[in-house]
file query15.txt (compact mmCIF, C-alpha atoms)
# COMPACT_ATOMS: atom_id res chain seq x y z
CA MET A 1 108.05 63.56 203.35
CA LYS A 2 107.30 62.48 206.91
CA LYS A 3 107.51 58.81 205.98
CA ILE A 4 110.88 59.12 204.30
CA ILE A 5 112.29 61.12 207.21
CA VAL A 6 111.03 58.58 209.73
CA THR A 7 112.52 55.80 207.63
CA LEU A 8 115.85 57.62 207.54
CA ALA A 9 115.68 58.14 211.29
CA VAL A 10 115.17 54.41 211.84
CA LEU A 11 118.10 53.67 209.53
CA ALA A 12 120.12 56.18 211.52
CA LEU A 13 119.47 54.40 214.79
CA ILE A 14 120.22 51.01 213.25
CA ALA A 15 123.44 52.34 211.78
CA GLY A 16 124.37 53.85 215.14
CA ALA A 17 124.01 50.50 216.84
CA ALA A 18 125.91 48.70 214.09
CA PHE A 19 128.86 51.02 213.57
CA ALA A 20 129.51 53.04 216.71
CA GLN A 21 128.15 54.21 220.03
CA PRO A 22 126.00 57.30 219.31
CA SER A 23 126.90 60.58 221.00
CA VAL A 24 124.27 63.11 222.02
CA GLY A 25 124.73 66.87 222.15
CA GLY A 26 122.99 70.10 221.37
CA ASN A 27 122.48 73.73 222.25
CA LEU A 28 120.02 76.46 223.13
CA LYS A 29 120.29 80.01 221.81
CA ILE A 30 118.09 82.67 223.37
CA SER A 31 118.15 86.44 223.03
CA THR A 32 116.17 89.54 223.92
CA ASN A 33 116.35 93.32 223.59
CA LEU A 34 117.06 95.38 226.69
CA LEU A 35 115.87 98.40 224.68
CA ALA A 36 114.80 98.91 221.07
CA GLY A 37 113.24 101.63 218.97
CA SER A 38 113.51 103.81 215.90
CA THR A 39 113.20 107.41 214.82
CA GLU A 40 109.46 106.76 214.42
CA THR A 41 108.70 105.19 217.80
CA GLU A 42 107.43 107.46 220.56
CA GLU A 43 109.21 105.61 223.38
CA PRO A 44 111.70 102.75 223.64
CA MET A 45 110.50 99.17 223.64
CA ALA A 46 111.95 96.23 225.59
CA GLY A 47 111.73 92.45 225.63
CA GLY A 48 110.74 90.21 222.77
CA ALA A 49 112.67 87.13 223.91
CA THR A 50 113.46 84.80 221.03
CA ILE A 51 114.41 81.14 221.23
CA TRP A 52 116.11 81.48 217.86
CA ASP A 53 117.78 78.09 217.70
CA ALA A 54 117.52 75.01 219.89
CA TYR A 55 118.49 71.53 218.84
CA THR A 56 119.60 68.09 219.93
CA ASN A 57 121.99 66.03 217.80
CA ILE A 58 122.50 62.28 217.75
CA VAL A 59 125.76 61.55 215.94
CA TRP A 60 127.40 58.25 215.12
CA SER A 61 130.47 57.42 213.09
CA GLY A 62 132.51 54.36 212.29
CA THR A 63 135.43 53.63 210.01
CA ASN A 64 133.36 53.59 206.84
CA ALA A 65 129.84 54.75 207.81
CA GLY A 66 128.06 57.22 210.06
CA GLY A 67 125.50 59.98 210.20
CA MET A 68 123.53 62.45 212.26
CA MET A 69 119.94 63.11 213.29
CA ARG A 70 118.86 66.56 214.54
CA LEU A 71 115.65 67.63 216.24
CA TRP A 72 115.33 71.39 216.50
CA THR A 73 113.16 74.47 216.61
CA LYS A 74 113.93 78.06 215.72
CA ASN A 75 112.47 81.52 215.13
CA ASN A 76 110.49 81.33 218.36
CA GLU A 77 107.84 79.13 216.72
CA TRP A 78 108.29 76.12 218.99
CA GLN A 79 107.30 73.87 216.12
CA PRO A 80 109.71 70.93 216.07
CA ASP A 81 111.38 69.88 212.87
CA PHE A 82 114.15 67.41 212.20
CA PHE A 83 116.46 66.12 209.54
CA THR A 84 118.84 63.22 209.27
CA PHE A 85 121.53 62.00 206.93
CA TRP A 86 123.57 58.85 206.61
CA TRP A 87 126.87 58.30 204.82
CA TRP A 88 128.75 55.20 203.73
CA LYS A 89 132.16 54.69 202.12
CA PRO A 90 132.18 51.19 200.58
CA ILE A 91 135.69 51.93 199.27
CA GLU A 92 138.13 54.75 199.92
CA GLN A 93 137.32 56.51 196.65
CA ILE A 94 133.51 56.50 196.95
CA ARG A 95 131.14 58.04 199.50
CA ILE A 96 127.34 57.81 199.42
CA GLN A 97 125.19 60.22 201.43
CA LEU A 98 121.44 59.88 201.86
CA GLY A 99 119.06 62.26 203.60
CA LYS A 100 119.26 65.97 204.36
CA ASN A 101 122.42 67.68 205.55
CA ARG A 102 121.40 71.24 206.40
CA ASP A 103 124.98 72.27 207.11
CA GLY A 104 125.38 72.62 203.34
CA ASP A 105 127.90 70.07 202.13
CA PHE A 106 130.14 71.17 199.26
CA GLY A 107 129.26 74.87 199.68
CA HIS A 108 131.61 77.81 199.11
CA ALA A 109 131.66 79.03 202.69
CA GLN A 110 135.26 80.06 203.36
CA ILE A 111 134.43 83.70 204.12
CA ALA A 112 130.87 84.28 202.95
CA GLY A 113 129.08 81.60 204.92
CA TRP A 114 127.70 80.99 208.38
CA SER A 115 131.07 81.47 210.07
CA PHE A 116 131.16 85.22 209.36
CA ASN A 117 129.23 86.01 212.55
CA GLY A 118 128.84 82.39 213.62
CA GLU A 119 126.56 81.64 216.53
CA ALA A 120 125.97 85.35 217.21
CA GLN A 121 123.78 85.72 214.13
CA GLY A 122 120.06 85.89 214.66
CA GLY A 123 120.30 87.28 218.17
CA VAL A 124 122.97 89.90 218.71
CA ALA A 125 124.57 90.10 215.26
CA LEU A 126 122.80 91.40 212.17
CA ASP A 127 123.46 88.79 209.49
CA LYS A 128 122.36 87.67 206.04
CA ASP A 129 120.29 84.72 207.29
CA ARG A 130 117.83 86.58 209.50
CA ASP A 131 114.68 88.54 208.78
CA LYS A 132 116.13 91.98 209.51
CA PHE A 133 118.05 91.72 206.24
CA THR A 134 116.57 88.75 204.36
CA ASN A 135 112.94 87.72 204.39
CA TYR A 136 112.53 84.34 202.71
CA SER A 137 108.81 84.90 202.18
CA GLY A 138 109.54 87.86 199.90
CA GLY A 139 109.42 91.60 200.28
CA GLY A 140 113.08 92.40 199.68
CA TYR A 141 114.84 94.39 197.01
CA TYR A 142 116.52 91.68 194.97
CA THR A 143 115.64 88.17 193.87
CA SER A 144 118.84 86.38 192.89
CA ASP A 145 118.00 82.76 192.17
CA LYS A 146 115.19 80.82 190.51
CA ARG A 147 115.45 78.10 193.14
CA TYR A 148 114.71 80.59 195.91
CA SER A 149 112.49 82.83 193.83
CA ASN A 150 110.77 84.31 196.89
CA ALA A 151 113.96 85.13 198.77
CA GLY A 152 113.92 88.89 199.37
CA GLU A 153 117.38 90.23 200.08
CA SER A 154 118.20 93.69 201.28
CA LEU A 155 121.07 95.54 199.63
CA ALA A 156 123.09 95.13 202.82
CA THR A 157 123.34 91.37 202.28
CA ILE A 158 124.76 91.47 198.74
CA ALA A 159 128.32 91.46 200.15
CA ARG A 160 127.70 88.08 201.70
CA THR A 161 125.56 86.39 199.05
CA ALA A 162 126.96 87.57 195.72
CA ALA A 163 128.86 84.81 193.88
CA TRP A 164 128.29 82.38 196.73
CA TRP A 165 126.74 78.92 196.61
CA GLY A 166 125.35 77.52 199.83
CA GLY A 167 125.86 73.89 198.89
CA PHE A 168 123.64 70.86 198.59
CA GLY A 169 121.47 70.54 201.67
CA ALA A 170 121.13 74.27 202.24
CA GLY A 171 117.82 74.50 200.37
CA GLY A 172 114.35 73.82 201.65
CA ASP A 173 113.83 70.63 199.61
CA ASP A 174 117.38 69.32 199.32
CA ILE A 175 116.71 65.94 200.85
CA GLY A 176 118.30 63.47 198.48
CA ILE A 177 121.39 61.53 197.46
CA ALA A 178 124.95 62.78 197.18
CA LEU A 179 127.58 60.64 195.46
CA SER A 180 131.19 61.69 196.01
CA TYR A 181 134.17 60.43 194.06
CA PHE A 182 137.79 60.85 195.24
CA PRO A 183 139.97 59.53 192.39
CA MET A 184 143.19 61.01 193.79
CA PRO A 185 144.34 63.09 196.78
CA GLY A 186 143.18 66.69 196.45
CA PHE A 187 140.44 66.06 193.89
CA GLU A 188 136.74 65.55 194.62
CA MET A 189 133.67 65.34 192.42
CA ASP A 190 130.14 65.29 193.85
CA ILE A 191 126.81 64.59 192.17
CA CYS A 192 123.93 65.78 194.33
CA ILE A 193 120.41 64.63 193.41
CA PRO A 194 117.43 66.19 195.24
CA MET A 195 114.79 63.55 195.92
CA ALA A 196 111.91 65.76 197.04
CA GLY A 197 109.39 67.78 195.07
CA ALA A 198 105.78 68.83 195.07
CA SER A 199 104.27 68.13 191.64
CA SER A 200 102.46 64.96 192.72
CA ASP A 201 101.93 62.87 195.80
CA ALA A 202 102.24 59.07 195.87
CA GLY A 203 101.72 57.34 199.18
CA GLY A 204 102.48 60.48 201.15
CA ILE A 205 105.90 60.95 199.50
CA PRO A 206 106.14 64.03 197.25
CA GLN A 207 107.47 63.14 193.82
CA LEU A 208 108.55 64.68 190.52
CA THR A 209 109.00 62.95 187.21
CA ALA A 210 112.39 61.32 186.72
CA ALA A 211 113.40 64.04 184.27
CA GLU A 212 112.38 66.82 186.69
CA THR A 213 114.30 65.14 189.49
CA TYR A 214 117.59 64.40 187.75
CA LEU A 215 117.63 67.66 185.81
CA LYS A 216 117.80 69.48 189.15
CA SER A 217 121.02 67.80 190.21
CA ASP A 218 124.14 69.69 191.26
CA ILE A 219 127.63 68.75 190.08
CA ASN A 220 130.45 70.00 192.27
CA PHE A 221 134.22 69.90 191.73
CA ASN A 222 136.78 70.66 194.44
CA ILE A 223 140.50 70.80 193.66
CA ALA A 224 142.97 71.30 196.49
CA ILE A 225 146.18 72.93 195.28
CA PRO A 226 148.98 72.20 197.79
CA ASP A 227 150.31 75.27 199.60
CA ILE A 228 148.03 77.57 197.57
CA GLY A 229 144.34 76.91 198.24
CA ASN A 230 141.13 75.40 196.91
CA LEU A 231 139.39 75.79 193.57
CA ARG A 232 135.66 74.98 193.47
CA PHE A 233 133.28 74.85 190.53
CA VAL A 234 129.56 74.04 190.56
CA VAL A 235 127.01 73.35 187.86
CA ASP A 236 123.69 74.05 189.57
CA CYS A 237 121.07 72.50 187.26
CA MET A 238 117.67 74.19 187.27
CA GLY A 239 115.42 71.49 185.84
CA LYS A 240 113.01 72.25 183.03
CA ASP A 241 112.06 75.73 181.84
CA PRO A 242 108.35 76.06 182.66
CA ALA A 243 107.85 78.31 179.62
CA ASP A 244 108.57 75.68 176.97
CA ASP A 245 109.47 72.48 178.88
CA SER A 246 113.05 72.62 177.60
CA VAL A 247 116.11 72.04 179.80
CA ALA A 248 116.76 75.26 181.70
CA THR A 249 120.17 76.90 181.57
CA PRO A 250 122.09 75.89 184.72
CA ASN A 251 123.52 78.36 187.17
CA LEU A 252 127.32 78.30 187.38
CA HIS A 253 129.37 79.10 190.46
CA ALA A 254 133.13 79.28 190.88
CA ALA A 255 135.30 80.11 193.88
CA PHE A 256 139.04 80.26 194.44
CA TYR A 257 140.15 80.36 198.05
CA ILE A 258 143.82 81.28 198.50
CA ASN A 259 145.58 80.51 201.80
CA ALA A 260 149.20 80.55 200.64
CA VAL A 261 150.16 83.09 203.33
CA ASP A 262 149.96 81.99 206.97
CA GLY A 263 147.15 83.77 208.80
CA MET A 264 145.61 85.18 205.63
CA GLY A 265 142.88 84.01 203.29
CA ILE A 266 141.58 85.54 200.06
CA GLU A 267 138.38 84.42 198.33
CA ILE A 268 137.52 85.22 194.71
CA GLY A 269 134.07 84.15 193.52
CA ALA A 270 131.90 84.41 190.42
CA GLY A 271 128.35 83.37 189.64
CA PHE A 272 126.29 83.25 186.46
CA LYS A 273 122.56 82.88 187.13
CA ASN A 274 119.10 83.19 185.65
CA ASP A 275 119.99 82.20 182.09
CA PHE A 276 123.22 84.20 182.47
CA GLU A 277 121.20 87.40 182.83
CA THR A 278 122.67 87.92 186.28
CA ILE A 279 126.44 88.03 186.81
CA GLU A 280 127.85 88.17 190.32
CA PHE A 281 131.33 88.74 191.72
CA GLY A 282 132.60 88.41 195.27
CA LEU A 283 135.88 89.22 196.98
CA GLY A 284 136.56 88.11 200.55
CA TYR A 285 139.49 88.64 202.90
CA ARG A 286 140.42 87.08 206.23
CA LEU A 287 143.34 88.04 208.47
CA ILE A 288 144.42 86.36 211.70
CA ALA A 289 147.18 88.25 213.53
CA GLU A 290 147.43 86.94 217.11
CA ALA A 291 144.64 88.67 219.09
CA LEU A 292 143.37 90.62 216.07
CA THR A 293 141.23 89.10 213.33
CA LEU A 294 139.52 90.69 210.36
CA LYS A 295 136.86 89.41 207.98
CA ALA A 296 135.64 91.44 205.04
CA ARG A 297 133.71 90.75 201.87
CA ALA A 298 132.49 92.81 198.93
CA GLY A 299 129.84 91.75 196.43
CA PHE A 300 128.75 93.08 193.06
CA VAL A 301 125.70 92.05 191.04
CA ALA A 302 125.39 93.17 187.42
CA LYS A 303 121.97 93.27 185.74
CA GLY A 304 120.25 91.86 188.79
CA LYS A 305 116.48 91.70 188.49
CA LEU A 306 114.54 93.75 190.99
CA LEU A 307 111.12 92.64 192.16
CA ASP A 308 109.50 95.02 189.65
CA GLY A 309 111.42 93.37 186.77
CA SER A 310 113.85 96.23 186.12
CA ASP A 311 117.63 95.84 185.98
CA ALA A 312 120.08 97.06 188.59
CA SER A 313 123.77 97.16 189.41
CA LEU A 314 124.18 96.37 193.10
CA PHE A 315 127.24 96.78 195.32
CA SER A 316 127.75 95.93 198.97
CA ILE A 317 130.58 95.56 201.47
CA GLY A 318 130.69 94.09 204.98
CA ILE A 319 133.45 94.08 207.60
CA LEU A 320 134.00 92.27 210.89
CA PRO A 321 137.20 93.20 212.77
CA ALA A 322 137.58 91.54 216.17
CA TYR A 323 140.04 91.72 219.05
CA ASN A 324 140.50 89.09 221.75
CA PHE A 325 141.12 90.72 225.13
CA GLY A 326 141.34 87.35 226.89
CA LYS A 327 138.22 87.66 229.04
CA LEU A 328 136.09 88.74 226.09
CA VAL A 329 136.17 89.30 222.34
CA ALA A 330 135.06 92.66 220.94
CA LEU A 331 133.68 92.65 217.39
CA PHE A 332 132.53 95.40 215.04
CA ASN A 333 130.04 94.16 212.46
CA ALA A 334 129.21 96.83 209.87
CA GLY A 335 128.40 97.31 206.20
CA PHE A 336 126.34 98.94 203.53
CA GLY A 337 124.75 98.21 200.16
CA ILE A 338 123.75 100.47 197.28
CA ASP A 339 121.97 100.32 193.93
CA LEU A 340 124.43 102.02 191.58
CA ASN A 341 121.58 102.81 189.19
CA ASN A 342 119.66 104.54 191.96
CA THR A 343 122.13 105.88 194.51
CA GLU A 344 119.38 107.15 196.79
CA MET A 345 118.59 103.50 197.56
CA MET A 346 121.20 102.53 200.15
CA ASP A 347 121.22 100.30 203.23
CA TRP A 348 123.69 100.60 206.08
CA PHE A 349 124.22 99.07 209.51
CA VAL A 350 126.57 99.40 212.49
CA ASN A 351 126.58 96.49 214.92
CA PRO A 352 129.33 96.31 217.59
CA TYR A 353 129.03 93.44 220.04
CA ILE A 354 131.02 91.40 222.56
CA SER A 355 131.40 87.66 223.10
CA VAL A 356 132.22 86.34 226.59
CA PRO A 357 132.82 82.61 227.31
CA ALA A 358 131.00 81.32 230.39
CA ASN A 359 131.39 77.64 231.37
CA SER A 360 129.47 75.55 228.81
CA GLY A 361 128.07 78.57 227.02
CA ARG A 362 128.77 82.03 225.70
CA PHE A 363 127.24 85.42 226.49
CA TYR A 364 126.70 88.08 223.82
CA GLY A 365 125.75 91.72 224.09
CA GLY A 366 125.82 94.58 221.63
CA LEU A 367 124.22 97.47 219.80
CA LYS A 368 122.34 97.55 216.50
CA VAL A 369 121.84 100.71 214.45
CA TYR A 370 120.57 100.33 210.90
CA ASN A 371 118.59 101.84 208.02
CA ILE A 372 117.25 99.40 205.41
CA LYS A 373 115.64 101.46 202.66
CA SER A 374 115.54 98.49 200.30
CA LYS A 375 112.97 96.82 202.54
CA GLY A 376 110.74 99.85 202.82
CA ASP A 377 112.30 101.63 205.80
CA GLU A 378 113.00 104.81 203.80
CA ASP A 379 114.81 107.15 206.22
CA VAL A 380 113.78 105.32 209.38
CA ILE A 381 116.80 104.58 211.58
CA SER A 382 116.23 101.61 213.88
CA TRP A 383 118.25 100.65 216.93
CA ALA A 384 118.38 97.97 219.59
CA ILE A 385 120.48 96.83 222.56
CA PRO A 386 120.36 93.02 222.39
CA ILE A 387 121.79 90.38 224.69
CA GLY A 388 122.00 86.67 224.05
CA TRP A 389 123.07 83.41 225.64
CA ASN A 390 124.21 80.21 223.96
CA VAL A 391 124.33 77.07 226.05
CA TYR A 392 125.83 73.76 224.92
CA PHE A 393 125.66 70.23 226.23
call {"tool": "encode", "arguments": {"input": "query15.txt", "output": "structure tokens"}}
result
Amino acid sequence: MKKIIVTLAVLALIAGAAFAQPSVGGNLKISTNLLAGSTETEEPMAGGATIWDAYTNIVWSGTNAGGMMRLWTKNNEWQPDFFTFWWWKPIEQIRIQLGKNRDGDFGHAQIAGWSFNGEAQGGVALDKDRDKFTNYSGGGYYTSDKRYSNAGESLATIARTAAWWGGFGAGGDDIGIALSYFPMPGFEMDICIPMAGASSDAGGIPQLTAAETYLKSDINFNIAIPDIGNLRFVVDCMGKDPADDSVATPNLHAAFYINAVDGMGIEIGAGFKNDFETIEFGLGYRLIAEALTLKARAGFVAKGKLLDGSDASLFSIGILPAYNFGKLVALFNAGFGIDLNNTEMMDWFVNPYISVPANSGRFYGGLKVYNIKSKGDEDVISWAIPIGWNVYF
């Protein structure tokens, strides 16, 4: 893995010199708790500063080629990591991408994705991608996808993850090749082939057999309907079934994003996973009305498998109204999730916060109050008063 990344980095620098003058930028995101505690703590706690995202980007782009290289650390580990990708359009209808694009190309992220809380997530905002609600080493209530079989979600995150596909590049081993075809305006087809695995090791580069590699490809279709919206459909191939070495049933994802009305967006999503044993539906809504904005999403999972192997019907909803007062933006992040087969199992959270621009950065401050039974908190109510600072250059 290291050799291929270094090789890609060298190609990136060569491409930068050949096609365009590289630009350098990045950011630092740091947060801490002024106070924190729960109904079980004897006295409030304070501190716990977290450098939860810090990176430097080198970006280059020409008329028909470009790319990016990022060096970053997160989660307060101070262990550097980096990824790089390169793209080339030999003709107008074809684009080739090589490397790892962690921003999740081709994903269905209109309302459900990173932009829900944006840069506030991980520090001041409770969000689906952080360990308060989702622990990627396991321990959550629901396991939704064979590819991320250890991803433990809380019920509170179902609103954001049900019937949503993160896109090629969002996974831990999605370094590879993406071929995009644009036969006509408004139509795009992408074939995404992951080129990393762990079944064998040849010369320091992890490899799978050819069948294992190509049978894990993703095929994405995007159709732009003028004045109406975008229709997306994904065949997420799952490789071979380890039980009998046959071709596993792919996961299917579909999303229809409607933006026919100015200032309003509606997202309808569906997902069929785990040999069609899990069916997911999502409904998102976005409203922009001058100083007032509203984001909301509901998710439903039918016959989802719990960690103990039993079935469940899971429902969750999340909201994020915001008002721009000029000097600051006030936001109210809140939601809940419930197992409809076991109504005593319910998560909820209330998370108001503010965002204040300050020169080349942004200050955040807020309040977190939450109870996550699905991750073992039972009736423990936790709270925190976080502040955070994002600086850009």
call {"tool": "closest_residue", "arguments": {"input": "query15.txt", "among": "A:Ser38, A:Ile381, A:Ala178, A:Gly269", "to": "A:Lys89", "atoms": "all atoms listed in the file"}}
result
A:Ala178
call {"tool": "residues_around", "arguments": {"input": "query15.txt", "residues": "stretch 154-159 of chain A", "least_positions_apart": "3", "cutoff": "8 Å", "atoms": "all atoms listed in the file", "output": "PyMOL selection string"}}
result
chain A and resi 127-128+133-134+140-142+162+282+297-301+314-318+335-339+346-349+372+374-375
call {"tool": "atom_distance", "arguments": {"input": "query15.txt", "atom1": "atom CA of A:Tyr370", "atom2": "atom CA of A:Leu126"}}
result
9.3 Å
call {"tool": "residues_around", "arguments": {"input": "query15.txt", "residues": "A:Glu267", "least_positions_apart": "5", "cutoff": "12 Å", "atoms": "only C-alpha atoms", "output": "ChimeraX atom specification"}}
result
/A:108-113,160,163-164,228-232,254-260,281-287,295-299
call {"tool": "residues_around", "arguments": {"input": "query15.txt", "residues": "A:Thr249", "least_positions_apart": "3", "cutoff": "12 Å", "atoms": "all atoms listed in the file", "output": "PyMOL selection string"}}
result
chain A and resi 146+215-216+235-242+245-246+252+272-277
call {"tool": "residues_around", "arguments": {"input": "query15.txt", "residues": "A:Phe221", "least_positions_apart": "4", "cutoff": "10 Å", "atoms": "all atoms listed in the file", "output": "JSON, numbers by chain"}}
result
{"A": [106, 180, 181, 187, 188, 189, 190, 191, 231, 232, 233, 234, 235, 254]}
call {"tool": "atom_distance", "arguments": {"input": "query15.txt", "atom1": "atom CA of A:Ala196", "atom2": "atom CA of A:Ser217"}}
result
11.6 Å
